[in-house]
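Structure file final.pdb; described as PDB, C-alpha atoms, pLDDT in the B column.
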ATOM      1  CA  MET A 104       0.000   0.000   0.000  1.00 88.00           C
ATOM      2  CA  ILE A 105       1.411   3.378  -1.050  1.00 94.00           C
ATOM      3  CA  SER A 106       0.446   6.286   1.201  1.00 95.00           C
ATOM      4  CA  VAL A 107      -0.130   9.612  -0.534  1.00 96.00           C
ATOM      5  CA  VAL A 108      -0.606  13.232   0.490  1.00 97.00           C
ATOM      6  CA  ILE A 109      -2.125  15.533  -2.143  1.00 97.00           C
ATOM      7  CA  LEU A 110      -1.359  19.254  -2.157  1.00 97.00           C
ATOM      8  CA  GLY A 111      -3.599  21.580  -4.171  1.00 95.00           C
ATOM      9  CA  ALA A 112      -7.282  21.671  -5.061  1.00 92.00           C
ATOM     10  CA  GLY A 113      -7.456  22.187  -8.809  1.00 90.00           C
ATOM     11  CA  ASN A 114      -8.549  19.881 -11.621  1.00 91.00           C
ATOM     12  CA  VAL A 115      -5.572  17.510 -11.419  1.00 93.00           C
ATOM     13  CA  ALA A 116      -5.659  17.247  -7.616  1.00 94.00           C
ATOM     14  CA  THR A 117      -9.393  16.532  -7.618  1.00 93.00           C
ATOM     15  CA  HIS A 118      -9.263  13.834 -10.299  1.00 92.00           C
ATOM     16  CA  PHE A 119      -6.179  12.202  -8.769  1.00 93.00           C
ATOM     17  CA  PHE A 120      -7.973  12.019  -5.425  1.00 93.00           C
ATOM     18  CA  LYS A 121     -11.087  10.504  -6.985  1.00 92.00           C
ATOM     19  CA  GLY A 122      -8.984   8.004  -8.940  1.00 91.00           C
ATOM     20  CA  PHE A 123      -6.809   6.967  -5.995  1.00 93.00           C
ATOM     21  CA  GLU A 124      -9.901   6.600  -3.824  1.00 90.00           C
ATOM     22  CA  LYS A 125     -10.976   3.714  -6.085  1.00 90.00           C
ATOM     23  CA  ALA A 126      -7.530   2.078  -6.129  1.00 89.00           C
ATOM     24  CA  LYS A 127      -6.893  -0.896  -3.844  1.00 87.00           C
ATOM     25  CA  ASP A 128      -3.148  -0.323  -3.443  1.00 91.00           C
ATOM     26  CA  ILE A 129      -3.174   3.461  -2.834  1.00 95.00           C
ATOM     27  CA  SER A 130      -4.202   5.288   0.332  1.00 94.00           C
ATOM     28  CA  VAL A 131      -4.639   9.077   0.287  1.00 96.00           C
ATOM     29  CA  ILE A 132      -4.052   9.837   3.952  1.00 96.00           C
ATOM     30  CA  GLN A 133      -4.279  13.642   3.761  1.00 96.00           C
ATOM     31  CA  TRP A 134      -5.238  16.491   1.439  1.00 97.00           C
ATOM     32  CA  TYR A 135      -3.711  19.940   1.860  1.00 96.00           C
ATOM     33  CA  ASN A 136      -4.819  23.258   0.388  1.00 95.00           C
ATOM     34  CA  ARG A 137      -4.254  26.870   1.451  1.00 92.00           C
ATOM     35  CA  SER A 138      -8.024  27.313   1.548  1.00 91.00           C
ATOM     36  CA  LEU A 139     -10.050  24.565   3.188  1.00 93.00           C
ATOM     37  CA  ALA A 140     -13.224  25.692   1.408  1.00 93.00           C
ATOM     38  CA  ALA A 141     -12.120  24.098  -1.892  1.00 92.00           C
ATOM     39  CA  ILE A 142     -11.576  20.640  -0.362  1.00 92.00           C
ATOM     40  CA  LYS A 143     -14.172  20.757   2.424  1.00 93.00           C
ATOM     41  CA  PRO A 144     -16.680  18.691   0.369  1.00 93.00           C
ATOM     42  CA  TYR A 145     -14.238  15.751   0.713  1.00 91.00           C
ATOM     43  CA  ALA A 146     -13.753  16.078   4.489  1.00 93.00           C
ATOM     44  CA  ASN A 147     -15.726  12.895   5.164  1.00 94.00           C
ATOM     45  CA  ALA A 148     -13.513  10.882   2.822  1.00 94.00           C
ATOM     46  CA  VAL A 149     -10.040  12.117   3.772  1.00 94.00           C
ATOM     47  CA  GLU A 150      -8.314  14.214   6.417  1.00 95.00           C
ATOM     48  CA  ILE A 151      -7.984  17.787   5.145  1.00 95.00           C
ATOM     49  CA  THR A 152      -5.712  20.584   6.328  1.00 95.00           C
ATOM     50  CA  ASP A 153      -4.635  24.121   5.471  1.00 94.00           C
ATOM     51  CA  ASP A 154      -1.514  23.891   7.649  1.00 94.00           C
ATOM     52  CA  ILE A 155       1.445  22.637   5.631  1.00 95.00           C
ATOM     53  CA  SER A 156       3.519  22.193   8.790  1.00 94.00           C
ATOM     54  CA  ALA A 157       0.943  19.632   9.953  1.00 95.00           C
ATOM     55  CA  LEU A 158       1.451  17.274   7.009  1.00 96.00           C
ATOM     56  CA  LYS A 159       1.603  13.582   7.841  1.00 95.00           C
ATOM     57  CA  ALA A 160       4.483  11.305   6.928  1.00 96.00           C
ATOM     58  CA  ALA A 161       3.687   9.559   3.631  1.00 95.00           C
ATOM     59  CA  ASP A 162       5.386   7.633   0.837  1.00 96.00           C
ATOM     60  CA  VAL A 163       4.580  10.228  -1.840  1.00 96.00           C
ATOM     61  CA  TYR A 164       3.632  13.914  -1.816  1.00 97.00           C
ATOM     62  CA  ILE A 165       1.863  15.052  -4.989  1.00 97.00           C
ATOM     63  CA  LEU A 166       2.103  18.792  -5.652  1.00 97.00           C
ATOM     64  CA  ALA A 167      -0.854  19.551  -7.935  1.00 95.00           C
ATOM     65  CA  VAL A 168      -0.423  23.297  -7.456  1.00 94.00           C
ATOM     66  CA  SER A 169       0.202  26.309  -9.713  1.00 92.00           C
ATOM     67  CA  ASP A 170       3.518  26.234 -11.572  1.00 93.00           C
ATOM     68  CA  ASP A 171       4.801  29.402  -9.915  1.00 93.00           C
ATOM     69  CA  VAL A 172       4.511  28.000  -6.362  1.00 95.00           C
ATOM     70  CA  ILE A 173       5.842  24.462  -6.930  1.00 96.00           C
ATOM     71  CA  ALA A 174       9.369  25.295  -5.749  1.00 96.00           C
ATOM     72  CA  GLU A 175       8.191  27.163  -2.645  1.00 96.00           C
ATOM     73  CA  VAL A 176       5.627  24.535  -1.605  1.00 96.00           C
ATOM     74  CA  SER A 177       8.234  21.778  -1.990  1.00 96.00           C
ATOM     75  CA  ARG A 178      10.537  23.727   0.365  1.00 95.00           C
ATOM     76  CA  GLN A 179       7.762  24.008   2.961  1.00 95.00           C
ATOM     77  CA  ILE A 180       7.105  20.263   3.220  1.00 95.00           C
ATOM     78  CA  PRO A 181       8.312  19.452   6.769  1.00 94.00           C
ATOM     79  CA  PHE A 182      10.197  16.275   5.864  1.00 93.00           C
ATOM     80  CA  ASP A 183      13.478  15.370   4.192  1.00 93.00           C
ATOM     81  CA  ASP A 184      14.279  12.544   1.785  1.00 93.00           C
ATOM     82  CA  LYS A 185      10.623  11.941   0.863  1.00 95.00           C
ATOM     83  CA  LEU A 186       9.376  11.324  -2.697  1.00 97.00           C
ATOM     84  CA  VAL A 187       7.897  14.659  -3.772  1.00 97.00           C
ATOM     85  CA  VAL A 188       6.458  15.017  -7.272  1.00 97.00           C
ATOM     86  CA  HIS A 189       4.734  17.766  -9.200  1.00 96.00           C
ATOM     87  CA  THR A 190       2.156  17.400 -11.980  1.00 95.00           C
ATOM     88  CA  SER A 191       3.175  20.275 -14.266  1.00 93.00           C
ATOM     89  CA  GLY A 192       3.951  20.005 -17.956  1.00 91.00           C
ATOM     90  CA  SER A 193       6.367  22.927 -18.051  1.00 90.00           C
ATOM     91  CA  VAL A 194       8.298  22.928 -14.748  1.00 92.00           C
ATOM     92  CA  SER A 195      11.618  21.096 -14.421  1.00 93.00           C
ATOM     93  CA  VAL A 196      11.959  18.243 -11.963  1.00 94.00           C
ATOM     94  CA  TYR A 197      14.962  20.152 -10.602  1.00 95.00           C
ATOM     95  CA  ASP A 198      12.708  23.004  -9.442  1.00 95.00           C
ATOM     96  CA  LEU A 199      11.627  20.788  -6.561  1.00 96.00           C
ATOM     97  CA  ASP A 200      13.658  21.221  -3.375  1.00 95.00           C
ATOM     98  CA  LYS A 201      16.747  19.012  -3.456  1.00 94.00           C
ATOM     99  CA  LYS A 202      16.148  17.815   0.120  1.00 95.00           C
ATOM    100  CA  HIS A 203      13.582  15.458  -1.435  1.00 95.00           C
ATOM    101  CA  LYS A 204      13.585  12.531  -3.812  1.00 95.00           C
ATOM    102  CA  ARG A 205      12.162  14.328  -6.841  1.00 96.00           C
ATOM    103  CA  GLY A 206       9.824  13.296  -9.623  1.00 96.00           C
ATOM    104  CA  VAL A 207       7.048  14.293 -12.019  1.00 96.00           C
ATOM    105  CA  LEU A 208       3.648  12.719 -12.578  1.00 96.00           C
ATOM    106  CA  TYR A 209       2.238  14.667 -15.544  1.00 93.00           C
ATOM    107  CA  PRO A 210      -1.222  13.709 -16.876  1.00 93.00           C
ATOM    108  CA  LEU A 211      -1.248  14.618 -20.561  1.00 92.00           C
ATOM    109  CA  GLN A 212      -4.946  15.356 -20.867  1.00 91.00           C
ATOM    110  CA  SER A 213      -7.424  18.219 -20.530  1.00 86.00           C
ATOM    111  CA  LEU A 214      -9.060  17.771 -17.131  1.00 83.00           C
ATOM    112  CA  SER A 215     -12.110  19.679 -15.919  1.00 82.00           C
ATOM    113  CA  LYS A 216     -13.166  19.320 -12.295  1.00 77.00           C
ATOM    114  CA  ASN A 217     -16.832  18.610 -12.998  1.00 77.00           C
ATOM    115  CA  ALA A 218     -16.315  16.268 -15.971  1.00 80.00           C
ATOM    116  CA  GLU A 219     -15.911  12.518 -15.571  1.00 85.00           C
ATOM    117  CA  VAL A 220     -12.467  11.173 -16.444  1.00 85.00           C
ATOM    118  CA  ASP A 221     -11.544   7.757 -17.791  1.00 89.00           C
ATOM    119  CA  PHE A 222      -7.885   7.452 -16.825  1.00 90.00           C
ATOM    120  CA  ALA A 223      -7.432   4.814 -19.527  1.00 92.00           C
ATOM    121  CA  ASN A 224      -7.440   7.840 -21.865  1.00 90.00           C
ATOM    122  CA  VAL A 225      -5.026   9.856 -19.736  1.00 92.00           C
ATOM    123  CA  PRO A 226      -1.392   9.013 -20.507  1.00 94.00           C
ATOM    124  CA  ILE A 227       0.813   9.899 -17.548  1.00 94.00           C
ATOM    125  CA  CYS A 228       4.357  11.045 -18.231  1.00 95.00           C
ATOM    126  CA  ILE A 229       6.802  10.040 -15.509  1.00 96.00           C
ATOM    127  CA  GLU A 230      10.193  11.481 -14.634  1.00 95.00           C
ATOM    128  CA  THR A 231      12.413  10.697 -11.660  1.00 95.00           C
ATOM    129  CA  ILE A 232      15.956  11.590 -10.698  1.00 94.00           C
ATOM    130  CA  ASP A 233      16.710   8.366  -8.824  1.00 91.00           C
ATOM    131  CA  LYS A 234      15.903   4.959 -10.296  1.00 89.00           C
ATOM    132  CA  LYS A 235      14.181   3.611  -7.175  1.00 92.00           C
ATOM    133  CA  SER A 236      11.411   6.231  -7.351  1.00 95.00           C
ATOM    134  CA  TYR A 237      10.308   5.325 -10.876  1.00 96.00           C
ATOM    135  CA  PRO A 238       8.505   2.031 -10.014  1.00 95.00           C
ATOM    136  CA  VAL A 239       6.576   3.833  -7.256  1.00 95.00           C
ATOM    137  CA  LEU A 240       5.272   6.492  -9.643  1.00 96.00           C
ATOM    138  CA  LYS A 241       4.522   3.878 -12.277  1.00 95.00           C
ATOM    139  CA  GLN A 242       2.435   1.984  -9.714  1.00 94.00           C
ATOM    140  CA  LEU A 243       0.553   5.197  -8.855  1.00 95.00           C
ATOM    141  CA  ALA A 244      -0.249   5.801 -12.525  1.00 95.00           C
ATOM    142  CA  ARG A 245      -1.252   2.186 -13.150  1.00 93.00           C
ATOM    143  CA  SER A 246      -3.516   2.201 -10.093  1.00 94.00           C
ATOM    144  CA  LEU A 247      -5.502   4.909 -11.884  1.00 93.00           C
ATOM    145  CA  GLY A 248      -5.648   2.779 -15.034  1.00 93.00           C
ATOM    146  CA  SER A 249      -3.424   5.136 -17.023  1.00 94.00           C
ATOM    147  CA  PRO A 250      -0.850   4.212 -19.658  1.00 95.00           C
ATOM    148  CA  THR A 251       2.592   5.525 -18.729  1.00 95.00           C
ATOM    149  CA  LYS A 252       5.595   6.935 -20.577  1.00 93.00           C
ATOM    150  CA  ARG A 253       9.024   7.711 -19.158  1.00 94.00           C
ATOM    151  CA  ILE A 254      10.221  11.099 -20.420  1.00 92.00           C
ATOM    152  CA  ASN A 255      12.660  13.815 -19.336  1.00 92.00           C
ATOM    153  CA  SER A 256      11.963  17.467 -18.535  1.00 89.00           C
ATOM    154  CA  ASP A 257      12.879  18.700 -22.033  1.00 91.00           C
ATOM    155  CA  GLN A 258      10.545  16.199 -23.713  1.00 93.00           C
ATOM    156  CA  ARG A 259       7.763  17.077 -21.276  1.00 92.00           C
ATOM    157  CA  ARG A 260       8.113  20.811 -21.961  1.00 91.00           C
ATOM    158  CA  VAL A 261       7.805  20.168 -25.707  1.00 94.00           C
ATOM    159  CA  LEU A 262       4.742  17.950 -25.182  1.00 94.00           C
ATOM    160  CA  HIS A 263       3.156  20.635 -23.010  1.00 92.00           C
ATOM    161  CA  LEU A 264       3.787  23.267 -25.690  1.00 95.00           C
ATOM    162  CA  ALA A 265       2.299  21.002 -28.364  1.00 95.00           C
ATOM    163  CA  ALA A 266      -0.674  20.333 -26.078  1.00 93.00           C
ATOM    164  CA  VAL A 267      -1.400  24.066 -25.941  1.00 93.00           C
ATOM    165  CA  PHE A 268      -1.640  24.108 -29.732  1.00 94.00           C
ATOM    166  CA  VAL A 269      -3.780  20.990 -30.134  1.00 93.00           C
ATOM    167  CA  ASN A 270      -6.022  21.591 -27.121  1.00 92.00           C
ATOM    168  CA  ASN A 271      -6.140  25.157 -25.782  1.00 93.00           C
ATOM    169  CA  PHE A 272      -5.742  26.924 -29.136  1.00 95.00           C
ATOM    170  CA  THR A 273      -8.079  24.498 -30.873  1.00 95.00           C
ATOM    171  CA  ASN A 274     -10.719  25.059 -28.206  1.00 94.00           C
ATOM    172  CA  GLN A 275     -10.386  28.804 -28.714  1.00 96.00           C
ATOM    173  CA  LEU A 276     -11.048  28.242 -32.409  1.00 96.00           C
ATOM    174  CA  TYR A 277     -14.165  26.274 -31.443  1.00 96.00           C
ATOM    175  CA  ARG A 278     -15.242  29.273 -29.362  1.00 96.00           C
ATOM    176  CA  ILE A 279     -14.708  31.630 -32.316  1.00 95.00           C
ATOM    177  CA  GLY A 280     -16.677  29.269 -34.558  1.00 95.00           C
ATOM    178  CA  HIS A 281     -19.452  29.225 -31.950  1.00 96.00           C
ATOM    179  CA  GLU A 282     -19.485  33.036 -31.841  1.00 94.00           C
ATOM    180  CA  ILE A 283     -19.606  33.328 -35.640  1.00 93.00           C
ATOM    181  CA  THR A 284     -22.508  30.897 -35.997  1.00 92.00           C
ATOM    182  CA  GLU A 285     -24.482  32.430 -33.118  1.00 90.00           C
ATOM    183  CA  HIS A 286     -24.061  35.914 -34.570  1.00 85.00           C
ATOM    184  CA  GLU A 287     -25.729  34.816 -37.814  1.00 81.00           C
ATOM    185  CA  GLY A 288     -28.345  32.552 -36.202  1.00 85.00           C
ATOM    186  CA  ALA A 289     -26.777  29.347 -37.498  1.00 89.00           C
ATOM    187  CA  GLU A 290     -26.455  26.196 -35.354  1.00 92.00           C
ATOM    188  CA  PHE A 291     -23.020  25.405 -33.966  1.00 94.00           C
ATOM    189  CA  ASP A 292     -24.239  21.850 -33.263  1.00 94.00           C
ATOM    190  CA  LEU A 293     -24.146  21.165 -36.999  1.00 93.00           C
ATOM    191  CA  LEU A 294     -20.351  21.474 -36.808  1.00 94.00           C
ATOM    192  CA  LYS A 295     -19.929  18.840 -34.097  1.00 94.00           C
ATOM    193  CA  PRO A 296     -19.756  15.830 -36.486  1.00 94.00           C
ATOM    194  CA  LEU A 297     -17.018  17.705 -38.379  1.00 93.00           C
ATOM    195  CA  ILE A 298     -15.100  18.285 -35.131  1.00 92.00           C
ATOM    196  CA  LEU A 299     -15.309  14.582 -34.306  1.00 92.00           C
ATOM    197  CA  GLU A 300     -14.300  13.521 -37.816  1.00 93.00           C
ATOM    198  CA  THR A 301     -11.241  15.803 -37.728  1.00 92.00           C
ATOM    199  CA  ALA A 302     -10.166  14.326 -34.392  1.00 91.00           C
ATOM    200  CA  LYS A 303     -10.758  10.818 -35.730  1.00 91.00           C
ATOM    201  CA  LYS A 304      -8.610  11.404 -38.821  1.00 92.00           C
ATOM    202  CA  VAL A 305      -5.465  12.225 -36.862  1.00 90.00           C
ATOM    203  CA  GLN A 306      -5.792   8.890 -35.075  1.00 89.00           C
ATOM    204  CA  GLU A 307      -5.377   7.206 -38.460  1.00 91.00           C
ATOM    205  CA  MET A 308      -3.072   9.529 -40.442  1.00 92.00           C
ATOM    206  CA  SER A 309      -0.677  12.416 -39.909  1.00 93.00           C
ATOM    207  CA  PRO A 310      -2.145  15.936 -39.471  1.00 93.00           C
ATOM    208  CA  TYR A 311      -0.280  16.901 -42.639  1.00 93.00           C
ATOM    209  CA  LYS A 312      -2.155  14.310 -44.720  1.00 93.00           C
ATOM    210  CA  ALA A 313      -5.468  15.062 -42.997  1.00 92.00           C
ATOM    211  CA  GLN A 314      -5.457  18.750 -43.958  1.00 93.00           C
ATOM    212  CA  THR A 315      -8.231  19.917 -46.290  1.00 92.00           C
ATOM    213  CA  GLY A 316      -9.931  23.230 -47.064  1.00 93.00           C
ATOM    214  CA  PRO A 317      -9.467  26.433 -49.065  1.00 93.00           C
ATOM    215  CA  ALA A 318      -6.026  27.276 -47.652  1.00 94.00           C
ATOM    216  CA  LYS A 319      -4.556  23.922 -48.677  1.00 91.00           C
ATOM    217  CA  ARG A 320      -6.036  24.382 -52.165  1.00 90.00           C
ATOM    218  CA  ASN A 321      -4.929  28.031 -52.136  1.00 88.00           C
ATOM    219  CA  ASP A 322      -8.496  28.906 -53.117  1.00 91.00           C
ATOM    220  CA  LYS A 323      -8.068  32.692 -53.101  1.00 92.00           C
ATOM    221  CA  LYS A 324     -11.646  33.430 -54.111  1.00 94.00           C
ATOM    222  CA  THR A 325     -13.124  31.544 -51.125  1.00 95.00           C
ATOM    223  CA  ILE A 326     -10.502  32.948 -48.748  1.00 93.00           C
ATOM    224  CA  LYS A 327     -11.386  36.515 -49.771  1.00 94.00           C
ATOM    225  CA  LYS A 328     -15.098  35.798 -49.262  1.00 94.00           C
ATOM    226  CA  HIS A 329     -14.393  34.480 -45.760  1.00 94.00           C
ATOM    227  CA  LEU A 330     -12.307  37.519 -44.858  1.00 94.00           C
ATOM    228  CA  LYS A 331     -15.086  39.809 -46.085  1.00 93.00           C
ATOM    229  CA  LEU A 332     -17.606  37.977 -43.866  1.00 90.00           C
ATOM    230  CA  LEU A 333     -15.462  38.409 -40.745  1.00 92.00           C
ATOM    231  CA  GLU A 334     -16.328  41.631 -38.918  1.00 90.00           C
ATOM    232  CA  ASN A 335     -14.168  41.032 -35.854  1.00 93.00           C
ATOM    233  CA  GLU A 336     -10.623  42.224 -36.636  1.00 95.00           C
ATOM    234  CA  GLN A 337      -9.036  39.764 -34.237  1.00 95.00           C
ATOM    235  CA  HIS A 338     -10.867  36.874 -35.880  1.00 95.00           C
ATOM    236  CA  LYS A 339      -9.751  38.187 -39.267  1.00 95.00           C
ATOM    237  CA  ALA A 340      -6.101  38.311 -38.124  1.00 96.00           C
ATOM    238  CA  ILE A 341      -6.317  34.721 -36.828  1.00 95.00           C
ATOM    239  CA  TYR A 342      -7.879  33.555 -40.114  1.00 95.00           C
ATOM    240  CA  LYS A 343      -5.106  35.241 -42.132  1.00 95.00           C
ATOM    241  CA  SER A 344      -2.318  33.857 -39.921  1.00 95.00           C
ATOM    242  CA  LEU A 345      -3.590  30.268 -40.002  1.00 95.00           C
ATOM    243  CA  THR A 346      -4.353  30.448 -43.724  1.00 95.00           C
ATOM    244  CA  GLU A 347      -0.809  31.628 -44.428  1.00 93.00           C
ATOM    245  CA  SER A 348       0.609  28.861 -42.226  1.00 94.00           C
ATOM    246  CA  ILE A 349      -1.368  26.173 -44.115  1.00 94.00           C
ATOM    247  CA  ILE A 350      -0.372  27.598 -47.498  1.00 93.00           C
ATOM    248  CA  GLN A 351       3.304  27.615 -46.537  1.00 92.00           C
ATOM    249  CA  THR A 352       3.093  24.101 -45.066  1.00 93.00           C
ATOM    250  CA  HIS A 353       1.623  22.687 -48.268  1.00 91.00           C
ATOM    251  CA  GLY A 354       4.012  24.452 -50.628  1.00 78.00           C
ATOM    252  CA  ARG A 355       1.623  26.934 -52.204  1.00 65.00           C
ATOM    253  CA  LYS A 356       2.367  30.529 -53.080  1.00 60.00           C
ATOM    254  CA  LYS A 357       1.565  33.253 -50.573  1.00 57.00           C
ATOM    255  CA  LEU A 358      -1.735  35.126 -50.700  1.00 53.00           C
TER     256      LEU A 358
END
Would you write out, as structure tokens, the structure that this file holds?
Amino acid sequence: MISVVILGAGNVATHFFKGFEKAKDISVIQWYNRSLAAIKPYANAVEITDDISALKAADVYILAVSDDVIAEVSRQIPFDDKLVVHTSGSVSVYDLDKKHKRGVLYPLQSLSKNAEVDFANVPICIETIDKKSYPVLKQLARSLGSPTKRINSDQRRVLHLAAVFVNNFTNQLYRIGHEITEHEGAEFDLLKPLILETAKKVQEMSPYKAQTGPAKRNDKKTIKKHLKLLENEQHKAIYKSLTESIIQTHGRKKL
């Protein structure tokens, strides 16, 4: 049985707690957050605290906190030589205080607190400095049902950057598409099969081969019509930038 203390109350912390609660070989013995209000709903299931100096001794401390406080929180943990891991995609494992055994348990997925998560679809990227810590983190990930991948800090930073493009930026484009359709009284729901089909294609072929549309064809007439329809200057700038990127990628002449 691996004993765990979770620090933080965001999306990752919440889903890790819920996942570990179902695991037979993991025991979350304490949950810390600066504000008890965020974790109070779980007070009947686990001991909660807002006093970091009152943390219990555990096998693993999971820092699911904001990137900019990871280093400071790791320094405040009142133990030495414990396995302390963070869950960030962009922070180095070496940012954790060196008094600890250090590692990373990074779930490469978009997690929302109120949405159900199937950890079978959440690959967890693992990094450790010492070899003995790796099997422990792998067991934590497997107890959730997640596939695992051993990567270093540089690889993780690149994956996190790529994730911003394929997830955060893509979702912003969905929001723009939603705004455009609503403005004209069209139904955004009609685009949902297209969204699913696009996501399905990249499971079966490279994004390069999956690309379609007026920019790939360098269809200047259609592109000009689209730009004329766009009233929002920011949306127009995004359309132009992405169109130019697609044209350059597929070897066409510039607009």
Legend entry - Pick from A:Ile142, A:Leu293, A:Val269, A:Ile341 nearest to Pro310 in chain A, counting all atoms listed in the file: A:Val269
Legend entry - Interatomic distance (Å, one decimal) between CA of Gly288 in chain A and CA of Lys319 in chain A: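 About the pair CA of Gly288 in chain A and CA of Lys319 in chain A: they are 28.2 Å apart.
Closest approach to Asp162 in chain A among A:Ala174, A:Val194, A:Ala146, A:Met104 is made by A:Met104 (distances from all atoms listed in the file).
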Inset, instruction - Around the point (13.0, 15.9, -20.2), in the coordinates given by the file, pick out the residues reaching within 12 Å, counting all atoms listed in the file, and return them as an MDAnalysis selection string. - result: chainID A and resid 192:197 206:207 209 228:232 252:263
Legend entry - Nearest residue to Ala313 in chain A from the set A:His338, A:Ile349, A:Glu287, A:Val225 (distances using only C-alpha atoms):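 Result for the nearest residue to Ala313 in chain A: A:Ile349.
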Legend entry - Å distance separating CA of Ala160 in chain A from CA of Ile173 in chain A, one decimal place: 19.2 Å
Inset, instruction - Any chance you could resolve the PyMOL selection byres ((chain A and resi 352) around 12) against this file and give the residues as a count of residues only? - result: 20
Extending 3 Å beyond the listed atoms of range 289-293 of chain A on each side, what axis-aligned box results? I want centre and edge lengths in Å to one decimal, as JSON.
{"center_x": -24.9, "center_y": 25.3, "center_z": -35.4, "size_x": 9.8, "size_y": 14.2, "size_z": 10.2}
Inset, instruction - Counting all atoms listed in the file, figure out which residue out of A:Ile326, A:Val149, A:Leu264, A:Trp134 gets nearest to Ser191 in chain A. - result: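 Selected residue with least distance to Ser191 in chain A: A:Leu264.
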